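Trainee: Sending over final_23.pdb (PDB, N, CA and C atoms).
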```
ATOM      1  N   MET A  10     -34.586 123.864 -53.432
ATOM      2  CA  MET A  10     -34.013 125.064 -52.867
ATOM      3  C   MET A  10     -32.823 125.456 -53.731
ATOM      4  N   THR A  11     -32.711 126.727 -54.044
ATOM      5  CA  THR A  11     -31.586 127.226 -54.814
ATOM      6  C   THR A  11     -30.633 127.927 -53.875
ATOM      7  N   LEU A  12     -29.371 127.553 -53.934
ATOM      8  CA  LEU A  12     -28.364 128.142 -53.062
ATOM      9  C   LEU A  12     -27.320 128.841 -53.902
ATOM     10  N   SER A  13     -27.037 130.065 -53.573
ATOM     11  CA  SER A  13     -25.914 130.762 -54.173
ATOM     12  C   SER A  13     -25.692 132.033 -53.395
ATOM     13  N   SER A  14     -24.588 132.686 -53.691
ATOM     14  CA  SER A  14     -24.280 133.922 -52.992
ATOM     15  C   SER A  14     -24.892 135.114 -53.712
ATOM     16  N   ARG A  15     -25.654 134.851 -54.758
ATOM     17  CA  ARG A  15     -26.295 135.922 -55.505
ATOM     18  C   ARG A  15     -27.732 135.520 -55.806
ATOM     19  N   VAL A  16     -28.498 136.466 -56.323
ATOM     20  CA  VAL A  16     -29.881 136.175 -56.679
ATOM     21  C   VAL A  16     -29.878 135.238 -57.886
ATOM     22  N   PRO A  17     -30.645 134.132 -57.842
ATOM     23  CA  PRO A  17     -30.671 133.218 -58.978
ATOM     24  C   PRO A  17     -31.124 133.937 -60.249
ATOM     25  N   THR A  18     -30.482 133.629 -61.344
ATOM     26  CA  THR A  18     -30.797 134.229 -62.629
ATOM     27  C   THR A  18     -31.528 133.197 -63.475
ATOM     28  N   PRO A  19     -32.755 133.512 -63.925
ATOM     29  CA  PRO A  19     -33.524 132.522 -64.684
ATOM     30  C   PRO A  19     -32.814 132.011 -65.934
ATOM     31  N   SER A  20     -32.047 132.854 -66.613
ATOM     32  CA  SER A  20     -31.382 132.420 -67.840
ATOM     33  C   SER A  20     -30.057 131.699 -67.581
ATOM     34  N   ALA A  21     -29.586 131.742 -66.355
ATOM     35  CA  ALA A  21     -28.321 131.083 -66.015
ATOM     36  C   ALA A  21     -28.522 129.570 -65.950
ATOM     37  N   PRO A  22     -27.483 128.801 -66.277
ATOM     38  CA  PRO A  22     -27.593 127.346 -66.148
ATOM     39  C   PRO A  22     -27.773 126.955 -64.686
ATOM     40  N   THR A  23     -28.470 125.850 -64.467
ATOM     41  CA  THR A  23     -28.695 125.359 -63.113
ATOM     42  C   THR A  23     -28.031 124.004 -62.947
ATOM     43  N   LEU A  24     -27.141 123.935 -61.975
ATOM     44  CA  LEU A  24     -26.495 122.685 -61.590
ATOM     45  C   LEU A  24     -27.364 122.026 -60.535
ATOM     46  N   ALA A  25     -27.808 120.811 -60.785
ATOM     47  CA  ALA A  25     -28.644 120.072 -59.843
ATOM     48  C   ALA A  25     -27.746 119.176 -59.000
ATOM     49  N   LEU A  26     -27.785 119.385 -57.696
ATOM     50  CA  LEU A  26     -26.997 118.581 -56.763
ATOM     51  C   LEU A  26     -27.938 117.651 -56.012
ATOM     52  N   TYR A  27     -27.899 116.369 -56.345
ATOM     53  CA  TYR A  27     -28.704 115.366 -55.649
ATOM     54  C   TYR A  27     -27.959 114.994 -54.378
ATOM     55  N   SER A  28     -28.652 115.145 -53.258
ATOM     56  CA  SER A  28     -28.001 115.118 -51.952
ATOM     57  C   SER A  28     -28.951 114.527 -50.920
ATOM     58  N   ARG A  29     -28.457 114.405 -49.694
ATOM     59  CA  ARG A  29     -29.317 114.070 -48.553
ATOM     60  C   ARG A  29     -28.747 114.740 -47.315
ATOM     61  N   ALA A  30     -29.612 114.980 -46.349
ATOM     62  CA  ALA A  30     -29.271 115.799 -45.181
ATOM     63  C   ALA A  30     -28.111 115.234 -44.365
ATOM     64  N   TRP A  31     -28.038 113.950 -44.204
ATOM     65  CA  TRP A  31     -27.046 113.359 -43.294
ATOM     66  C   TRP A  31     -25.747 112.942 -43.984
ATOM     67  N   CYS A  32     -25.558 113.346 -45.224
ATOM     68  CA  CYS A  32     -24.423 112.901 -46.040
ATOM     69  C   CYS A  32     -23.273 113.905 -45.959
ATOM     70  N   HIS A  33     -22.149 113.507 -45.363
ATOM     71  CA  HIS A  33     -21.021 114.438 -45.234
ATOM     72  C   HIS A  33     -20.380 114.751 -46.585
ATOM     73  N   LEU A  34     -20.339 113.786 -47.500
ATOM     74  CA  LEU A  34     -19.804 114.064 -48.833
ATOM     75  C   LEU A  34     -20.686 115.064 -49.577
ATOM     76  N   CYS A  35     -21.989 114.976 -49.339
ATOM     77  CA  CYS A  35     -22.926 115.922 -49.963
ATOM     78  C   CYS A  35     -22.644 117.336 -49.476
ATOM     79  N   GLU A  36     -22.438 117.493 -48.196
ATOM     80  CA  GLU A  36     -22.147 118.815 -47.635
ATOM     81  C   GLU A  36     -20.814 119.342 -48.163
ATOM     82  N   GLU A  37     -19.823 118.477 -48.273
ATOM     83  CA  GLU A  37     -18.528 118.900 -48.817
ATOM     84  C   GLU A  37     -18.669 119.371 -50.263
ATOM     85  N   MET A  38     -19.436 118.617 -51.076
ATOM     86  CA  MET A  38     -19.608 119.023 -52.464
ATOM     87  C   MET A  38     -20.372 120.339 -52.539
ATOM     88  N   ARG A  39     -21.428 120.489 -51.753
ATOM     89  CA  ARG A  39     -22.209 121.723 -51.763
ATOM     90  C   ARG A  39     -21.341 122.914 -51.379
ATOM     91  N   ALA A  40     -20.534 122.752 -50.341
ATOM     92  CA  ALA A  40     -19.679 123.849 -49.868
ATOM     93  C   ALA A  40     -18.669 124.273 -50.936
ATOM     94  N   ALA A  41     -18.165 123.332 -51.708
ATOM     95  CA  ALA A  41     -17.217 123.655 -52.777
ATOM     96  C   ALA A  41     -17.929 124.170 -54.026
ATOM     97  N   LEU A  42     -19.137 123.690 -54.262
ATOM     98  CA  LEU A  42     -19.864 124.022 -55.482
ATOM     99  C   LEU A  42     -20.448 125.427 -55.477
ATOM    100  N   VAL A  43     -20.998 125.865 -54.365
ATOM    101  CA  VAL A  43     -21.684 127.165 -54.326
ATOM    102  C   VAL A  43     -20.773 128.315 -54.770
ATOM    103  N   PRO A  44     -19.556 128.454 -54.231
ATOM    104  CA  PRO A  44     -18.712 129.551 -54.713
ATOM    105  C   PRO A  44     -18.254 129.359 -56.165
ATOM    106  N   LEU A  45     -18.038 128.117 -56.585
ATOM    107  CA  LEU A  45     -17.649 127.853 -57.969
ATOM    108  C   LEU A  45     -18.778 128.259 -58.914
ATOM    109  N   ALA A  46     -20.002 127.893 -58.574
ATOM    110  CA  ALA A  46     -21.151 128.247 -59.407
ATOM    111  C   ALA A  46     -21.317 129.758 -59.491
ATOM    112  N   ALA A  47     -21.137 130.446 -58.369
ATOM    113  CA  ALA A  47     -21.236 131.910 -58.372
ATOM    114  C   ALA A  47     -20.174 132.514 -59.286
ATOM    115  N   GLU A  48     -18.975 131.979 -59.220
ATOM    116  CA  GLU A  48     -17.877 132.451 -60.077
ATOM    117  C   GLU A  48     -18.195 132.256 -61.554
ATOM    118  N   LEU A  49     -18.857 131.139 -61.873
ATOM    119  CA  LEU A  49     -19.119 130.773 -63.262
ATOM    120  C   LEU A  49     -20.492 131.223 -63.755
ATOM    121  N   GLY A  50     -21.243 131.923 -62.911
ATOM    122  CA  GLY A  50     -22.545 132.437 -63.321
ATOM    123  C   GLY A  50     -23.635 131.394 -63.420
ATOM    124  N   ALA A  51     -23.566 130.367 -62.585
ATOM    125  CA  ALA A  51     -24.565 129.300 -62.593
ATOM    126  C   ALA A  51     -25.353 129.305 -61.291
ATOM    127  N   ASN A  52     -26.547 128.743 -61.348
ATOM    128  CA  ASN A  52     -27.357 128.531 -60.154
ATOM    129  C   ASN A  52     -27.110 127.113 -59.652
ATOM    130  N   VAL A  53     -27.372 126.894 -58.372
ATOM    131  CA  VAL A  53     -27.283 125.559 -57.777
ATOM    132  C   VAL A  53     -28.630 125.228 -57.160
ATOM    133  N   GLU A  54     -29.167 124.078 -57.529
ATOM    134  CA  GLU A  54     -30.391 123.579 -56.924
ATOM    135  C   GLU A  54     -30.037 122.299 -56.170
ATOM    136  N   VAL A  55     -30.233 122.313 -54.858
ATOM    137  CA  VAL A  55     -29.963 121.137 -54.038
ATOM    138  C   VAL A  55     -31.261 120.347 -53.924
ATOM    139  N   ILE A  56     -31.214 119.085 -54.332
ATOM    140  CA  ILE A  56     -32.393 118.229 -54.348
ATOM    141  C   ILE A  56     -32.186 117.100 -53.352
ATOM    142  N   ASP A  57     -33.072 117.016 -52.376
ATOM    143  CA  ASP A  57     -33.004 115.982 -51.341
ATOM    144  C   ASP A  57     -33.582 114.685 -51.900
ATOM    145  N   VAL A  58     -32.745 113.697 -52.133
ATOM    146  CA  VAL A  58     -33.220 112.442 -52.718
ATOM    147  C   VAL A  58     -34.186 111.712 -51.798
ATOM    148  N   ASP A  59     -34.103 111.960 -50.497
ATOM    149  CA  ASP A  59     -34.994 111.280 -49.563
ATOM    150  C   ASP A  59     -36.422 111.810 -49.623
ATOM    151  N   ALA A  60     -36.646 112.910 -50.338
ATOM    152  CA  ALA A  60     -37.980 113.498 -50.436
ATOM    153  C   ALA A  60     -38.867 112.771 -51.443
ATOM    154  N   GLU A  61     -38.274 111.987 -52.326
ATOM    155  CA  GLU A  61     -39.020 111.301 -53.386
ATOM    156  C   GLU A  61     -38.569 109.850 -53.500
ATOM    157  N   PRO A  62     -39.481 108.892 -53.377
ATOM    158  CA  PRO A  62     -39.099 107.487 -53.522
ATOM    159  C   PRO A  62     -38.386 107.185 -54.845
ATOM    160  N   ALA A  63     -38.782 107.842 -55.925
ATOM    161  CA  ALA A  63     -38.133 107.601 -57.219
ATOM    162  C   ALA A  63     -36.673 108.046 -57.194
ATOM    163  N   LEU A  64     -36.386 109.132 -56.479
ATOM    164  CA  LEU A  64     -35.001 109.599 -56.373
ATOM    165  C   LEU A  64     -34.175 108.675 -55.492
ATOM    166  N   VAL A  65     -34.781 108.158 -54.431
ATOM    167  CA  VAL A  65     -34.081 107.183 -53.582
ATOM    168  C   VAL A  65     -33.747 105.951 -54.418
ATOM    169  N   ALA A  66     -34.710 105.496 -55.214
ATOM    170  CA  ALA A  66     -34.482 104.315 -56.051
ATOM    171  C   ALA A  66     -33.362 104.562 -57.064
ATOM    172  N   ARG A  67     -33.292 105.777 -57.590
ATOM    173  CA  ARG A  67     -32.285 106.074 -58.613
ATOM    174  C   ARG A  67     -30.904 106.337 -58.025
ATOM    175  N   TYR A  68     -30.839 107.124 -56.941
ATOM    176  CA  TYR A  68     -29.546 107.583 -56.431
ATOM    177  C   TYR A  68     -29.095 106.898 -55.150
ATOM    178  N   ASP A  69     -29.986 106.553 -54.269
ATOM    179  CA  ASP A  69     -29.718 105.908 -52.985
ATOM    180  C   ASP A  69     -28.335 106.253 -52.438
ATOM    181  N   GLU A  70     -27.389 105.333 -52.477
ATOM    182  CA  GLU A  70     -26.069 105.569 -51.887
ATOM    183  C   GLU A  70     -25.062 106.178 -52.868
ATOM    184  N   LEU A  71     -25.522 106.624 -54.018
ATOM    185  CA  LEU A  71     -24.628 107.224 -55.014
ATOM    186  C   LEU A  71     -24.365 108.702 -54.747
ATOM    187  N   VAL A  72     -25.125 109.310 -53.850
ATOM    188  CA  VAL A  72     -25.006 110.751 -53.608
ATOM    189  C   VAL A  72     -23.699 111.093 -52.913
ATOM    190  N   PRO A  73     -23.216 112.291 -53.165
ATOM    191  CA  PRO A  73     -23.803 113.336 -53.987
ATOM    192  C   PRO A  73     -23.555 113.101 -55.472
ATOM    193  N   VAL A  74     -24.519 113.557 -56.271
ATOM    194  CA  VAL A  74     -24.413 113.502 -57.723
ATOM    195  C   VAL A  74     -24.725 114.896 -58.247
ATOM    196  N   LEU A  75     -23.869 115.406 -59.114
ATOM    197  CA  LEU A  75     -24.054 116.730 -59.707
ATOM    198  C   LEU A  75     -24.394 116.564 -61.182
ATOM    199  N   VAL A  76     -25.488 117.220 -61.605
ATOM    200  CA  VAL A  76     -26.008 117.059 -62.960
ATOM    201  C   VAL A  76     -26.226 118.428 -63.593
ATOM    202  N   LEU A  77     -25.904 118.534 -64.873
ATOM    203  CA  LEU A  77     -26.204 119.721 -65.670
ATOM    204  C   LEU A  77     -26.875 119.255 -66.949
ATOM    205  N   ASP A  78     -28.080 119.751 -67.197
ATOM    206  CA  ASP A  78     -28.820 119.399 -68.419
ATOM    207  C   ASP A  78     -28.922 117.890 -68.617
ATOM    208  N   GLY A  79     -29.139 117.155 -67.534
ATOM    209  CA  GLY A  79     -29.309 115.713 -67.612
ATOM    210  C   GLY A  79     -28.023 114.910 -67.713
ATOM    211  N   ILE A  80     -26.886 115.583 -67.685
ATOM    212  CA  ILE A  80     -25.588 114.903 -67.793
ATOM    213  C   ILE A  80     -24.885 114.936 -66.442
ATOM    214  N   GLU A  81     -24.491 113.763 -65.962
ATOM    215  CA  GLU A  81     -23.785 113.676 -64.684
ATOM    216  C   GLU A  81     -22.370 114.226 -64.835
ATOM    217  N   LEU A  82     -22.044 115.191 -63.978
ATOM    218  CA  LEU A  82     -20.712 115.800 -64.000
ATOM    219  C   LEU A  82     -19.816 115.290 -62.882
ATOM    220  N   SER A  83     -20.396 114.973 -61.747
ATOM    221  CA  SER A  83     -19.601 114.531 -60.590
ATOM    222  C   SER A  83     -20.423 113.575 -59.748
ATOM    223  N   ARG A  84     -19.722 112.633 -59.141
ATOM    224  CA  ARG A  84     -20.331 111.733 -58.161
ATOM    225  C   ARG A  84     -19.335 111.591 -57.017
ATOM    226  N   TYR A  85     -19.809 111.734 -55.806
ATOM    227  CA  TYR A  85     -19.033 111.642 -54.564
ATOM    228  C   TYR A  85     -18.132 112.853 -54.318
ATOM    229  N   ARG A  86     -17.323 113.236 -55.287
ATOM    230  CA  ARG A  86     -16.411 114.388 -55.143
ATOM    231  C   ARG A  86     -16.616 115.342 -56.313
ATOM    232  N   LEU A  87     -16.499 116.629 -56.060
ATOM    233  CA  LEU A  87     -16.676 117.633 -57.098
ATOM    234  C   LEU A  87     -15.514 117.582 -58.091
ATOM    235  N   ASP A  88     -15.843 117.436 -59.363
ATOM    236  CA  ASP A  88     -14.855 117.474 -60.441
ATOM    237  C   ASP A  88     -14.890 118.891 -61.018
ATOM    238  N   VAL A  89     -14.076 119.766 -60.466
ATOM    239  CA  VAL A  89     -14.094 121.187 -60.806
ATOM    240  C   VAL A  89     -13.844 121.400 -62.292
ATOM    241  N   GLU A  90     -12.872 120.728 -62.847
ATOM    242  CA  GLU A  90     -12.546 120.924 -64.263
ATOM    243  C   GLU A  90     -13.679 120.471 -65.174
ATOM    244  N   ARG A  91     -14.349 119.393 -64.801
ATOM    245  CA  ARG A  91     -15.478 118.923 -65.620
ATOM    246  C   ARG A  91     -16.637 119.913 -65.556
ATOM    247  N   VAL A  92     -16.876 120.488 -64.383
ATOM    248  CA  VAL A  92     -17.930 121.499 -64.243
ATOM    249  C   VAL A  92     -17.580 122.723 -65.083
ATOM    250  N   ARG A  93     -16.351 123.188 -64.970
ATOM    251  CA  ARG A  93     -15.914 124.349 -65.776
ATOM    252  C   ARG A  93     -16.086 124.072 -67.271
ATOM    253  N   ALA A  94     -15.657 122.901 -67.711
ATOM    254  CA  ALA A  94     -15.740 122.549 -69.130
ATOM    255  C   ALA A  94     -17.193 122.453 -69.597
ATOM    256  N   ALA A  95     -18.052 121.858 -68.786
ATOM    257  CA  ALA A  95     -19.462 121.706 -69.162
ATOM    258  C   ALA A  95     -20.154 123.057 -69.269
ATOM    259  N   LEU A  96     -19.876 123.949 -68.325
ATOM    260  CA  LEU A  96     -20.489 125.276 -68.374
ATOM    261  C   LEU A  96     -19.932 126.096 -69.537
ATOM    262  N   ALA A  97     -18.648 125.955 -69.823
ATOM    263  CA  ALA A  97     -18.056 126.659 -70.968
ATOM    264  C   ALA A  97     -18.667 126.149 -72.273
ATOM    265  N   ALA A  98     -18.833 124.840 -72.398
ATOM    266  CA  ALA A  98     -19.433 124.254 -73.597
ATOM    267  C   ALA A  98     -20.874 124.724 -73.762
ATOM    268  N   ARG A  99     -21.592 124.816 -72.652
ATOM    269  CA  ARG A  99     -22.984 125.280 -72.707
ATOM    270  C   ARG A  99     -23.046 126.725 -73.181
ATOM    271  N   ARG A 100     -22.124 127.553 -72.700
ATOM    272  CA  ARG A 100     -22.083 128.959 -73.131
ATOM    273  C   ARG A 100     -21.788 129.069 -74.627
ATOM    274  N   MET A 101     -20.987 128.148 -75.136
ATOM    275  CA  MET A 101     -20.606 128.163 -76.550
ATOM    276  C   MET A 101     -21.681 127.525 -77.437
ATOM    277  N   GLY A 102     -22.711 126.980 -76.791
ATOM    278  CA  GLY A 102     -23.797 126.373 -77.548
ATOM    279  C   GLY A 102     -23.566 124.933 -77.942
ATOM    280  N   ALA A 103     -22.569 124.304 -77.328
ATOM    281  CA  ALA A 103     -22.259 122.903 -77.670
ATOM    282  C   ALA A 103     -23.175 121.949 -76.948
TER     283      ALA A 103
END
```
Could you write out this file's structure as structure tokens?
Mentor:
Amino acid sequence: MTLSSRVPTPSAPTLALYSRAWCHLCEEMRAALVPLAAELGANVEVIDVDAEPALVARYDELVPVLVLDGIELSRYRLDVERVRAALAARRMGA
């Protein structure tokens, strides 16, 4: 599921938020991430780790985990500056 306050843009970067329904830290990160992503022109895809055994095996109690292009940007708490820097670097082609 893609969450944002705007229509997802196919060419925009997508931040993958590995989460689970009953996780309060996951909800806190999602609530902070959605407006930040909208501000920075990124999409957010929330992925329920409980939907896939492989994701449970990989992330289990590590959620929430925020990933961009296969690189972990945040775990447990949103690192706003790291997200900003990663998206800026991506825009610059780094």
Trainee: Which residues are near range 84-89 of chain A? Cut-off 6 Å, all atoms listed in the file, ignore same chain within fewer than 2 positions. Put them as a list in words.
Mentor: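 The residues satisfying every condition are Leu34, Met38, Leu71, Val72, Pro73, Val74, Leu75, Leu82, Arg91, Val92, Arg93 and Ala94 of chain A.
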Trainee: Give me, please, the distance in Å between CA of Arg99 in chain A and atom C of Ile56 in chain A, quoted to one decimal.
Mentor: 22.9 Å
Trainee: So how far away is atom C of Ala30 in chain A from CA of Asp57 in chain A, in Å?
Mentor: 8.6 Å
Trainee: Check the smallest atom-to-atom distance from each of A:Ala25, A:Leu49, A:Met101, A:Ala41 to Leu77 in chain A using only C-alpha atoms, then report the winner.
Mentor: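 Checking each of A:Ala25, A:Leu49, A:Met101, A:Ala41 against Leu77 in chain A, counting only C-alpha atoms, the winner is A:Ala25.
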Trainee: By how many Å are atom C of Val65 in chain A and atom N of Ser83 in chain A apart?
Mentor: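 Between atom C of Val65 in chain A and atom N of Ser83 in chain A the gap is 17.7 Å.
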Trainee: As a PyMOL selection string, list the residues of range 16-103 of chain A assigned to strand (DSSP E) by DSSP on the backbone atoms of this structure.
Mentor: chain A and resi 23-28+52-57+74-77+80-84
Trainee: Give the centre and edge lengths of an axis-aligned box, in Å to one decimal, that holds all listed atoms of range 80-84 of chain A with 3 Å on each side, as lines of an AutoDock Vina configuration file.
Mentor:
```
center_x = -23.1
center_y = 113.7
center_z = -62.4
size_x = 13.6
size_y = 10.2
size_z = 16.8
```
Trainee: Would you list the residues near (-32.8, 111.0, -56.1) (no more than 7 Å away, in the coordinates of the file, using only C-alpha atoms) as a list of chain:residue names?
Mentor: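 Answer for this query, in the requested form: A:Tyr27, A:Asp57, A:Val58, A:Asp59, A:Glu61, A:Ala63, A:Leu64, A:Val65, A:Ala66, A:Arg67, A:Tyr68, A:Asp69.
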Trainee: To test your reading of the structure, identify every residue in range 18-93 of chain A that backbone DSSP assigns to helix (DSSP H, G or I), and report it as a tab-separated table (two decimals) with N, CA and C atoms, keeping the file's coordinate frame.
Mentor:
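Here's the written file states_18.tsv:
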```tsv
chain	number	residue	atom	x	y	z
A	33	HIS	N	-22.15	113.51	-45.36
A	33	HIS	CA	-21.02	114.44	-45.23
A	33	HIS	C	-20.38	114.75	-46.58
A	34	LEU	N	-20.34	113.79	-47.50
A	34	LEU	CA	-19.80	114.06	-48.83
A	34	LEU	C	-20.69	115.06	-49.58
A	35	CYS	N	-21.99	114.98	-49.34
A	35	CYS	CA	-22.93	115.92	-49.96
A	35	CYS	C	-22.64	117.34	-49.48
A	36	GLU	N	-22.44	117.49	-48.20
A	36	GLU	CA	-22.15	118.82	-47.64
A	36	GLU	C	-20.81	119.34	-48.16
A	37	GLU	N	-19.82	118.48	-48.27
A	37	GLU	CA	-18.53	118.90	-48.82
A	37	GLU	C	-18.67	119.37	-50.26
A	38	MET	N	-19.44	118.62	-51.08
A	38	MET	CA	-19.61	119.02	-52.46
A	38	MET	C	-20.37	120.34	-52.54
A	39	ARG	N	-21.43	120.49	-51.75
A	39	ARG	CA	-22.21	121.72	-51.76
A	39	ARG	C	-21.34	122.91	-51.38
A	40	ALA	N	-20.53	122.75	-50.34
A	40	ALA	CA	-19.68	123.85	-49.87
A	40	ALA	C	-18.67	124.27	-50.94
A	41	ALA	N	-18.16	123.33	-51.71
A	41	ALA	CA	-17.22	123.66	-52.78
A	41	ALA	C	-17.93	124.17	-54.03
A	42	LEU	N	-19.14	123.69	-54.26
A	42	LEU	CA	-19.86	124.02	-55.48
A	42	LEU	C	-20.45	125.43	-55.48
A	43	VAL	N	-21.00	125.86	-54.36
A	43	VAL	CA	-21.68	127.16	-54.33
A	43	VAL	C	-20.77	128.32	-54.77
A	44	PRO	N	-19.56	128.45	-54.23
A	44	PRO	CA	-18.71	129.55	-54.71
A	44	PRO	C	-18.25	129.36	-56.16
A	45	LEU	N	-18.04	128.12	-56.58
A	45	LEU	CA	-17.65	127.85	-57.97
A	45	LEU	C	-18.78	128.26	-58.91
A	46	ALA	N	-20.00	127.89	-58.57
A	46	ALA	CA	-21.15	128.25	-59.41
A	46	ALA	C	-21.32	129.76	-59.49
A	47	ALA	N	-21.14	130.45	-58.37
A	47	ALA	CA	-21.24	131.91	-58.37
A	47	ALA	C	-20.17	132.51	-59.29
A	48	GLU	N	-18.98	131.98	-59.22
A	48	GLU	CA	-17.88	132.45	-60.08
A	48	GLU	C	-18.20	132.26	-61.55
A	49	LEU	N	-18.86	131.14	-61.87
A	49	LEU	CA	-19.12	130.77	-63.26
A	49	LEU	C	-20.49	131.22	-63.76
A	58	VAL	N	-32.74	113.70	-52.13
A	58	VAL	CA	-33.22	112.44	-52.72
A	58	VAL	C	-34.19	111.71	-51.80
A	59	ASP	N	-34.10	111.96	-50.50
A	59	ASP	CA	-34.99	111.28	-49.56
A	59	ASP	C	-36.42	111.81	-49.62
A	60	ALA	N	-36.65	112.91	-50.34
A	60	ALA	CA	-37.98	113.50	-50.44
A	60	ALA	C	-38.87	112.77	-51.44
A	62	PRO	N	-39.48	108.89	-53.38
A	62	PRO	CA	-39.10	107.49	-53.52
A	62	PRO	C	-38.39	107.18	-54.84
A	63	ALA	N	-38.78	107.84	-55.92
A	63	ALA	CA	-38.13	107.60	-57.22
A	63	ALA	C	-36.67	108.05	-57.19
A	64	LEU	N	-36.39	109.13	-56.48
A	64	LEU	CA	-35.00	109.60	-56.37
A	64	LEU	C	-34.17	108.68	-55.49
A	65	VAL	N	-34.78	108.16	-54.43
A	65	VAL	CA	-34.08	107.18	-53.58
A	65	VAL	C	-33.75	105.95	-54.42
A	66	ALA	N	-34.71	105.50	-55.21
A	66	ALA	CA	-34.48	104.32	-56.05
A	66	ALA	C	-33.36	104.56	-57.06
A	67	ARG	N	-33.29	105.78	-57.59
A	67	ARG	CA	-32.28	106.07	-58.61
A	67	ARG	C	-30.90	106.34	-58.02
A	68	TYR	N	-30.84	107.12	-56.94
A	68	TYR	CA	-29.55	107.58	-56.43
A	68	TYR	C	-29.10	106.90	-55.15
A	69	ASP	N	-29.99	106.55	-54.27
A	69	ASP	CA	-29.72	105.91	-52.98
A	69	ASP	C	-28.34	106.25	-52.44
A	70	GLU	N	-27.39	105.33	-52.48
A	70	GLU	CA	-26.07	105.57	-51.89
A	70	GLU	C	-25.06	106.18	-52.87
A	71	LEU	N	-25.52	106.62	-54.02
A	71	LEU	CA	-24.63	107.22	-55.01
A	71	LEU	C	-24.36	108.70	-54.75
A	89	VAL	N	-14.08	119.77	-60.47
A	89	VAL	CA	-14.09	121.19	-60.81
A	89	VAL	C	-13.84	121.40	-62.29
A	90	GLU	N	-12.87	120.73	-62.85
A	90	GLU	CA	-12.55	120.92	-64.26
A	90	GLU	C	-13.68	120.47	-65.17
A	91	ARG	N	-14.35	119.39	-64.80
A	91	ARG	CA	-15.48	118.92	-65.62
A	91	ARG	C	-16.64	119.91	-65.56
A	92	VAL	N	-16.88	120.49	-64.38
A	92	VAL	CA	-17.93	121.50	-64.24
A	92	VAL	C	-17.58	122.72	-65.08
A	93	ARG	N	-16.35	123.19	-64.97
A	93	ARG	CA	-15.91	124.35	-65.78
A	93	ARG	C	-16.09	124.07	-67.27
```
Trainee: Need the shell around Ser20 in chain A: protein/DNA/RNA residues with any atom at most 10 Å away, counting only C-alpha atoms. Skip same-chain ones fewer than 3 positions apart. Format as a tab-separated table (two decimals) with N, CA and C atoms, in the coordinates of the input?
Mentor:
```tsv
chain	number	residue	atom	x	y	z
A	17	PRO	N	-30.64	134.13	-57.84
A	17	PRO	CA	-30.67	133.22	-58.98
A	17	PRO	C	-31.12	133.94	-60.25
A	23	THR	N	-28.47	125.85	-64.47
A	23	THR	CA	-28.70	125.36	-63.11
A	23	THR	C	-28.03	124.00	-62.95
A	50	GLY	N	-21.24	131.92	-62.91
A	50	GLY	CA	-22.54	132.44	-63.32
A	50	GLY	C	-23.64	131.39	-63.42
A	51	ALA	N	-23.57	130.37	-62.58
A	51	ALA	CA	-24.56	129.30	-62.59
A	51	ALA	C	-25.35	129.30	-61.29
A	52	ASN	N	-26.55	128.74	-61.35
A	52	ASN	CA	-27.36	128.53	-60.15
A	52	ASN	C	-27.11	127.11	-59.65
```
